[in-house]
file final-v4.cif (mmCIF, C-alpha atoms)
data_input
#
loop_
_atom_site.label_atom_id
_atom_site.label_comp_id
_atom_site.auth_asym_id
_atom_site.auth_seq_id
_atom_site.Cartn_x
_atom_site.Cartn_y
_atom_site.Cartn_z
CA MET A 819 52.22 39.08 38.86
CA THR A 820 51.81 37.19 42.13
CA TRP A 821 53.83 34.53 43.90
CA VAL A 822 52.75 31.67 46.15
CA GLY A 823 55.11 32.19 49.05
CA VAL A 824 56.29 29.49 51.43
CA ASP A 825 56.73 29.63 55.18
CA VAL A 826 60.11 28.79 56.71
CA VAL A 827 60.49 27.30 60.19
CA ALA A 828 63.87 26.54 61.75
CA ASP A 829 64.28 25.05 65.22
CA ASN A 830 67.68 24.81 66.93
CA LEU A 831 69.63 24.70 63.66
CA ALA A 832 73.38 24.12 63.69
CA ALA A 833 75.86 23.44 60.93
CA ARG A 834 79.59 22.97 60.53
CA GLY A 835 82.01 24.10 57.88
CA SER A 836 85.59 23.18 57.16
CA SER A 837 86.83 25.46 59.96
CA GLY A 838 84.34 24.40 62.59
CA CYS A 839 80.95 25.68 63.66
CA ALA A 840 79.22 27.82 61.02
CA PHE A 841 76.18 28.67 63.15
CA GLU A 842 74.32 27.15 66.08
CA ASN A 843 71.13 27.42 68.14
CA VAL A 844 69.22 29.19 65.39
CA ASP A 845 65.45 29.53 65.71
CA LEU A 846 63.54 31.35 62.99
CA GLU A 847 59.94 31.53 61.83
CA VAL A 848 59.07 33.33 58.62
CA ALA A 849 55.49 33.48 57.35
CA ALA A 850 54.75 33.06 53.66
CA GLY A 851 55.11 36.36 51.83
CA GLN A 852 57.15 37.95 54.60
CA LEU A 853 60.51 39.75 54.54
CA ALA A 854 62.99 38.37 57.08
CA VAL A 855 66.48 39.76 57.60
CA LEU A 856 69.51 38.02 59.09
CA VAL A 857 71.75 40.66 60.61
CA GLY A 858 75.37 39.96 61.45
CA SER A 859 78.96 40.90 60.85
CA ALA A 860 81.49 38.86 58.90
CA GLY A 861 81.97 35.51 60.59
CA SER A 862 78.51 35.52 62.18
CA GLY A 863 77.30 32.66 59.98
CA ARG A 864 74.65 34.63 58.10
CA THR A 865 75.82 33.45 54.67
CA SER A 866 76.01 29.82 55.79
CA LEU A 867 72.56 30.14 57.33
CA LEU A 868 71.15 31.33 54.00
CA TRP A 869 72.68 28.28 52.31
CA ALA A 870 71.05 26.09 54.95
CA LEU A 871 67.62 27.74 54.74
CA SER A 872 67.68 27.17 50.98
CA GLY A 873 68.24 23.44 51.57
CA ARG A 874 71.80 23.48 50.27
CA MET A 875 73.90 22.96 53.40
CA ARG A 876 74.05 19.93 55.66
CA LEU A 877 72.72 20.42 59.15
CA VAL A 878 74.27 18.97 62.30
CA THR A 879 71.19 19.40 64.47
CA GLY A 880 67.77 20.96 64.33
CA ARG A 881 64.62 20.90 62.24
CA LEU A 882 64.04 22.85 59.03
CA VAL A 883 60.63 22.95 57.34
CA VAL A 884 60.04 25.01 54.20
CA GLY A 885 56.59 25.08 52.65
CA GLY A 886 55.67 21.92 54.54
CA HIS A 887 58.78 20.05 53.36
CA ARG A 888 61.20 18.75 56.00
CA TYR A 889 64.88 19.05 55.16
CA ASP A 890 65.69 15.58 56.50
CA GLU A 891 63.05 14.03 54.22
CA GLN A 892 62.80 16.25 51.12
CA PRO A 893 65.86 18.48 50.66
CA GLY A 894 65.27 18.59 46.90
CA ALA A 895 61.78 19.99 47.37
CA ILE A 896 63.20 22.79 49.51
CA GLN A 897 65.82 23.57 46.89
CA ASP A 898 63.09 23.75 44.26
CA ALA A 899 61.03 26.10 46.43
CA VAL A 900 63.85 28.49 47.33
CA ALA A 901 65.70 30.41 44.63
CA ILE A 902 69.10 31.97 45.26
CA ALA A 903 69.56 35.54 44.10
CA ARG A 904 73.06 36.13 45.44
CA LEU A 905 75.19 33.92 47.68
CA ASP A 906 78.95 33.74 47.60
CA PRO A 907 80.73 31.52 46.73
CA GLY A 908 79.15 30.24 43.56
CA CYS A 909 75.97 32.23 43.07
CA VAL A 910 76.88 35.71 41.88
CA LEU A 911 76.42 37.47 38.56
CA ASP A 912 79.37 37.48 36.17
CA PRO A 913 80.60 41.10 36.01
CA TRP A 914 81.97 40.59 32.48
CA LEU A 915 78.61 39.66 30.97
CA ARG A 916 76.16 42.18 29.58
CA VAL A 917 72.74 42.39 31.18
CA GLU A 918 71.12 40.91 28.07
CA GLU A 919 73.58 37.99 28.19
CA VAL A 920 72.77 37.31 31.85
CA ILE A 921 69.06 37.28 31.01
CA ALA A 922 69.61 34.94 28.05
CA GLU A 923 71.68 32.62 30.23
CA ARG A 924 68.97 32.53 32.90
CA ALA A 925 66.37 31.72 30.24
CA LEU A 926 68.34 28.54 29.51
CA ILE A 927 68.73 27.38 33.10
CA GLY A 928 65.89 29.08 34.97
CA GLY A 929 63.18 26.57 34.20
CA PRO A 930 59.96 26.84 32.21
CA ARG A 931 58.51 29.62 34.34
CA PHE A 932 61.33 32.01 33.56
CA THR A 933 60.48 34.15 30.56
CA GLU A 934 61.33 37.70 29.58
CA SER A 935 57.73 38.69 30.25
CA ALA A 936 57.95 37.13 33.72
CA LEU A 937 61.16 39.07 34.33
CA ALA A 938 59.54 42.33 33.23
CA ALA A 939 56.57 41.62 35.50
CA THR A 940 58.96 40.91 38.38
CA PHE A 941 60.73 44.24 37.93
CA ALA A 942 57.34 45.94 37.83
CA ALA A 943 56.29 44.17 41.03
CA MET A 944 59.45 45.46 42.71
CA GLY A 945 58.77 48.99 41.50
CA SER A 946 61.88 49.00 39.36
CA ALA A 947 62.98 48.51 35.76
CA ALA A 948 65.61 46.32 34.12
CA PRO A 949 68.98 47.95 33.38
CA ALA A 950 69.80 48.57 29.73
CA GLY A 951 70.70 45.28 28.08
CA GLN A 952 74.02 46.49 26.64
CA ARG A 953 75.46 47.46 30.02
CA LEU A 954 78.03 45.21 31.64
CA VAL A 955 76.97 43.79 34.99
CA GLY A 956 80.23 45.06 36.47
CA GLU A 957 79.34 48.59 35.39
CA LEU A 958 76.06 48.62 37.30
CA ALA A 959 75.76 50.36 40.63
CA PRO A 960 75.79 47.84 43.52
CA SER A 961 72.11 48.53 44.14
CA GLU A 962 71.21 47.92 40.48
CA GLU A 963 73.20 44.68 40.38
CA LEU A 964 71.50 43.37 43.52
CA VAL A 965 68.00 44.20 42.29
CA LEU A 966 68.83 42.53 38.96
CA ALA A 967 70.00 39.40 40.78
CA VAL A 968 66.82 39.29 42.87
CA ALA A 969 64.60 39.85 39.84
CA LEU A 970 66.32 37.03 37.92
CA ALA A 971 65.71 34.66 40.82
CA ALA A 972 62.14 35.78 41.55
CA ALA A 973 61.15 35.57 37.86
CA GLN A 974 61.52 31.80 38.19
CA GLN A 975 58.43 32.13 40.41
CA PRO A 976 59.77 30.28 43.47
CA GLY A 977 58.15 30.27 46.87
CA ALA A 978 61.06 32.15 48.42
CA VAL A 979 64.20 34.04 47.44
CA VAL A 980 67.39 34.32 49.52
CA VAL A 981 69.95 37.09 49.01
CA ASP A 982 73.14 37.98 50.84
CA ASP A 983 75.01 41.24 51.46
CA VAL A 984 72.06 43.57 50.92
CA GLY A 985 73.29 47.13 50.88
CA ALA A 986 76.96 46.30 50.35
CA GLY A 987 78.63 49.19 48.52
CA CYS A 988 75.43 51.27 48.50
CA THR A 989 74.81 54.80 49.65
CA SER A 990 72.13 55.26 52.29
CA SER A 991 69.56 56.28 49.68
CA GLU A 992 70.48 53.36 47.42
CA MET A 993 70.24 50.99 50.35
CA ARG A 994 66.77 52.20 51.22
CA TRP A 995 65.70 51.77 47.58
CA VAL A 996 66.96 48.17 47.57
CA TRP A 997 65.09 47.35 50.76
CA GLU A 998 61.92 48.90 49.36
CA CYS A 999 62.25 46.76 46.22
CA LEU A 1000 62.55 43.62 48.35
CA ARG A 1001 59.60 44.66 50.46
CA GLU A 1002 57.47 45.32 47.38
CA LEU A 1003 58.23 41.79 46.20
CA THR A 1004 56.83 40.35 49.43
CA PHE A 1005 53.65 42.40 48.96
CA HIS A 1006 53.09 40.28 45.84
CA GLY A 1007 53.40 37.05 47.82
CA CYS A 1008 57.06 36.02 47.56
CA THR A 1009 58.90 35.17 50.76
CA VAL A 1010 62.26 36.96 50.94
CA ILE A 1011 65.08 36.11 53.36
CA ALA A 1012 67.95 38.57 53.16
CA ALA A 1013 71.21 39.01 55.04
CA ALA A 1014 72.93 42.29 55.85
CA THR A 1015 75.16 43.98 58.37
CA ALA A 1016 72.32 46.23 59.53
CA PRO A 1017 68.52 45.91 59.52
CA PRO A 1018 66.31 47.89 57.12
CA PRO A 1019 64.27 50.88 58.33
CA PHE A 1020 61.03 48.91 58.64
CA ASP A 1021 59.18 47.86 61.78
CA ASP A 1022 56.93 45.12 60.40
CA ILE A 1023 59.58 42.55 59.48
CA THR A 1024 61.34 39.63 61.14
CA VAL A 1025 64.94 40.40 62.16
CA LEU A 1026 67.32 37.75 63.48
CA THR A 1027 70.60 39.06 64.88
CA LEU A 1028 73.49 36.61 64.63
CA THR A 1029 76.72 36.56 66.62
CA PRO A 1030 79.89 34.73 65.58
CA PRO A 1031 79.89 31.09 66.70
CA ARG A 1032 82.69 29.65 68.78
CA ALA A 1033 84.64 28.72 65.67
CA ALA A 1034 84.55 31.87 63.58
CA ASP A 1035 85.04 32.20 59.84
CA ALA A 1036 83.66 28.71 59.12
CA ARG A 1037 83.18 27.86 55.48
CA ALA A 1038 79.98 26.26 54.18
CA ASP A 1039 79.99 22.52 53.55
CA LEU A 1040 77.75 22.66 50.47
CA GLN A 1041 75.89 19.72 49.03
CA GLU A 1042 76.72 18.48 45.57
CA ASN A 1043 73.13 19.00 44.43
CA ALA A 1044 72.99 22.71 45.21
#
call {"tool": "encode", "arguments": {"input": "final-v4.cif", "output": "structure tokens"}}
result
Amino acid sequence: MTWVGVDVVADNLAARGSSGCAFENVDLEVAAGQLAVLVGSAGSGRTSLLWALSGRMRLVTGRLVVGGHRYDEQPGAIQDAVAIARLDPGCVLDPWLRVEEVIAERALIGGPRFTESALAATFAAMGSAAPAGQRLVGELAPSEELVLAVALAAAQQPGAVVVDDVGAGCTSSEMRWVWECLRELTFHGCTVIAAATAPPPFDDITVLTLTPPRAADARADLQENA
């Protein structure tokens, strides 16, 4: 299975949340089919920046172009091109559902490209396998849950996938496995933009280090059509 990845270009991006500045002065260039990682501590704006790069947060200044679509002209096209694997609040897997229930739910809302065969092919592309269907999401290891979330998003065959908190709760070996799964996905054409507190152990990726803006702990001002 292959993906048609999209490039992402951000120039001087800034956004505000309910508590003030979420992030500012962000420049980023991600080639199609590339893994890019936003590195920052809590309050650095990395989660808000992922919302913005997916076309789901209002910008104060700057230019965002995803797959040739400008945010100020075609925000809906950017949202269609970028799938969210995990972003809090609002886009996380329900821990009380079984894996098979999460897959069935995604089949209803994931669009015509999402099928069980597409999901199986996505896991194969990542070098992984789906967890047993009877397991509760909340019983999965953090690494398994994250890879499941990414696979569910990527199986919709978007141009890019965004995912937050990569490696949270993982051991060092689990964290490396997660990063390798994400990297394998890019080798099949999908653009992946991830956020974490530390960069992965790879040299051939784009890493953007974020520092807390002047008004820390800003909350995202999300659009209604997220």
call {"tool": "closest_residue", "arguments": {"input": "final-v4.cif", "among": "A:Gly951, A:Pro1017, A:Gly823, A:Gly956", "to": "Gly985 of chain A", "atoms": "only C-alpha atoms"}}
result
A:Pro1017
call {"tool": "closest_residue", "arguments": {"input": "final-v4.cif", "among": "A:Ala1014, A:Leu867, A:Val824, A:Ala903", "to": "Cys839 of chain A", "atoms": "all atoms listed in the file"}}
result
A:Leu867
call {"tool": "atom_distance", "arguments": {"input": "final-v4.cif", "atom1": "atom CA of Glu998 of chain A", "atom2": "atom CA of Ala860 of chain A"}}
result
24.0 Å
call {"tool": "resolve_selection", "arguments": {"input": "final-v4.cif", "expression": "the PyMOL selection byres ((chain A and resi 840-855) around 8)", "output": "VMD selection string"}}
result
chain A and resid 822 to 835 838 to 839 856 to 857 862 to 864 866 to 867 1000 to 1001 1004 to 1014 1017 1023 to 1026 1030 to 1031 1033 to 1038
call {"tool": "residues_around", "arguments": {"input": "final-v4.cif", "residues": "segment 968-973 of chain A", "least_positions_apart": "2", "cutoff": "9 Å", "atoms": "only C-alpha atoms", "output": "ChimeraX atom specification"}}
result
/A:821,901-904,920-921,924,928,931-941,944,948,963-966,975-981,1000,1003,1008
call {"tool": "atom_distance", "arguments": {"input": "final-v4.cif", "atom1": "atom CA of Asp982 of chain A", "atom2": "atom CA of Leu905 of chain A"}}
result
5.5 Å
call {"tool": "atom_distance", "arguments": {"input": "final-v4.cif", "atom1": "atom CA of Cys909 of chain A", "atom2": "atom CA of Gln952 of chain A"}}
result
21.8 Å
call {"tool": "residues_around", "arguments": {"input": "final-v4.cif", "residues": "Met993 of chain A", "least_positions_apart": "3", "cutoff": "10 Å", "atoms": "all atoms listed in the file", "output": "list in words"}}
result
Pro960, Ser961, Val984, Gly985, Ala986, Gly987, Cys988, Thr989, Ser990, Val996, Trp997, Glu998, Cys999, Pro1018 and Pro1019 of chain A
call {"tool": "closest_residue", "arguments": {"input": "final-v4.cif", "among": "A:Glu992, A:Asp912, A:Glu1002, A:Asp898", "to": "Gln974 of chain A", "atoms": "only C-alpha atoms"}}
result
A:Asp898
call {"tool": "resolve_selection", "arguments": {"input": "final-v4.cif", "expression": "the PyMOL selection byres ((chain A and resi 955) around 7)", "output": "list in words"}}
result
Asp912, Pro913, Trp914, Leu915, Arg916, Val917, Arg953, Leu954, Gly956, Glu957, Leu958 and Glu963 of chain A
call {"tool": "write_last_selection", "arguments": {"input": "final-v4.cif", "atoms": "C-alpha atoms", "output": "PDB file, in the coordinates of the input"}}
result
ATOM      1  CA  ASP A 912      79.370  37.480  36.170  1.00  0.00           C
ATOM      2  CA  PRO A 913      80.600  41.100  36.010  1.00  0.00           C
ATOM      3  CA  TRP A 914      81.970  40.590  32.480  1.00  0.00           C
ATOM      4  CA  LEU A 915      78.610  39.660  30.970  1.00  0.00           C
ATOM      5  CA  ARG A 916      76.160  42.180  29.580  1.00  0.00           C
ATOM      6  CA  VAL A 917      72.740  42.390  31.180  1.00  0.00           C
ATOM      7  CA  ARG A 953      75.460  47.460  30.020  1.00  0.00           C
ATOM      8  CA  LEU A 954      78.030  45.210  31.640  1.00  0.00           C
ATOM      9  CA  GLY A 956      80.230  45.060  36.470  1.00  0.00           C
ATOM     10  CA  GLU A 957      79.340  48.590  35.390  1.00  0.00           C
ATOM     11  CA  LEU A 958      76.060  48.620  37.300  1.00  0.00           C
ATOM     12  CA  GLU A 963      73.200  44.680  40.380  1.00  0.00           C
TER      13      GLU A 963
END
call {"tool": "axis_aligned_box", "arguments": {"input": "final-v4.cif", "around": "segment 944-960 of chain A", "padding_each_side": "6 Å", "output": "JSON"}}
result
{"center_x": 69.5, "center_y": 47.1, "center_z": 35.1, "size_x": 33.5, "size_y": 18.6, "size_z": 28.9}
call {"tool": "closest_residue", "arguments": {"input": "final-v4.cif", "among": "A:Pro930, A:Gly858, A:Gly873, A:Gly945", "to": "Ile896 of chain A", "atoms": "all atoms listed in the file"}}
result
A:Gly873
call {"tool": "residues_near_point", "arguments": {"input": "final-v4.cif", "point": "(65.6, 16.1, 58.8)", "cutoff": "10 Å", "atoms": "only C-alpha atoms", "output": "list in words"}}
result
Arg876, Leu877, Val878, Thr879, Gly880, Arg881, Leu882, Val883, His887, Arg888, Tyr889, Asp890, Glu891, Gln892 and Pro893 of chain A
call {"tool": "decode", "arguments": {"input": "final-v4.cif", "residues": "segment 961-1000 of chain A", "atoms": "C-alpha atoms", "output": "mmCIF file, in the first residue's frame"}}
result
data_model
loop_
_atom_site.group_PDB
_atom_site.id
_atom_site.type_symbol
_atom_site.label_atom_id
_atom_site.label_comp_id
_atom_site.auth_asym_id
_atom_site.auth_seq_id
_atom_site.Cartn_x
_atom_site.Cartn_y
_atom_site.Cartn_z
ATOM 1 C CA SER A 961 3.027 2.072 22.349
ATOM 2 C CA GLU A 962 0.339 -0.293 21.007
ATOM 3 C CA GLU A 963 -2.392 2.302 21.510
ATOM 4 C CA LEU A 964 -0.416 4.970 19.665
ATOM 5 C CA VAL A 965 0.386 2.714 16.711
ATOM 6 C CA LEU A 966 -3.291 1.713 16.553
ATOM 7 C CA ALA A 967 -4.328 5.372 16.495
ATOM 8 C CA VAL A 968 -1.854 6.149 13.709
ATOM 9 C CA ALA A 969 -2.933 3.122 11.676
ATOM 10 C CA LEU A 970 -6.616 4.092 11.972
ATOM 11 C CA ALA A 971 -5.817 7.578 10.681
ATOM 12 C CA ALA A 972 -3.427 6.471 7.934
ATOM 13 C CA ALA A 973 -5.846 3.800 6.666
ATOM 14 C CA GLN A 974 -8.080 6.658 5.512
ATOM 15 C CA GLN A 975 -5.267 7.252 2.989
ATOM 16 C CA PRO A 976 -4.682 10.953 3.706
ATOM 17 C CA GLY A 977 -1.733 12.950 2.476
ATOM 18 C CA ALA A 978 -0.428 13.460 6.004
ATOM 19 C CA VAL A 979 -0.995 12.261 9.556
ATOM 20 C CA VAL A 980 -0.397 14.278 12.731
ATOM 21 C CA VAL A 981 0.106 12.673 16.141
ATOM 22 C CA ASP A 982 0.909 14.116 19.555
ATOM 23 C CA ASP A 983 2.753 12.794 22.610
ATOM 24 C CA VAL A 984 4.787 10.151 20.817
ATOM 25 C CA GLY A 985 6.556 8.009 23.360
ATOM 26 C CA ALA A 986 4.453 9.073 26.343
ATOM 27 C CA GLY A 987 4.393 6.249 28.887
ATOM 28 C CA CYS A 988 6.722 4.074 26.804
ATOM 29 C CA THR A 989 9.937 2.351 27.738
ATOM 30 C CA SER A 990 12.985 3.239 25.676
ATOM 31 C CA SER A 991 12.611 0.113 23.538
ATOM 32 C CA GLU A 992 8.891 0.718 23.041
ATOM 33 C CA MET A 993 9.583 4.314 22.092
ATOM 34 C CA ARG A 994 12.104 3.279 19.474
ATOM 35 C CA TRP A 995 9.603 0.761 18.049
ATOM 36 C CA VAL A 996 6.939 3.484 17.758
ATOM 37 C CA TRP A 997 9.323 5.818 15.958
ATOM 38 C CA GLU A 998 10.336 3.041 13.585
ATOM 39 C CA CYS A 999 6.671 2.362 12.792
ATOM 40 C CA LEU A 1000 6.138 6.037 11.958
#
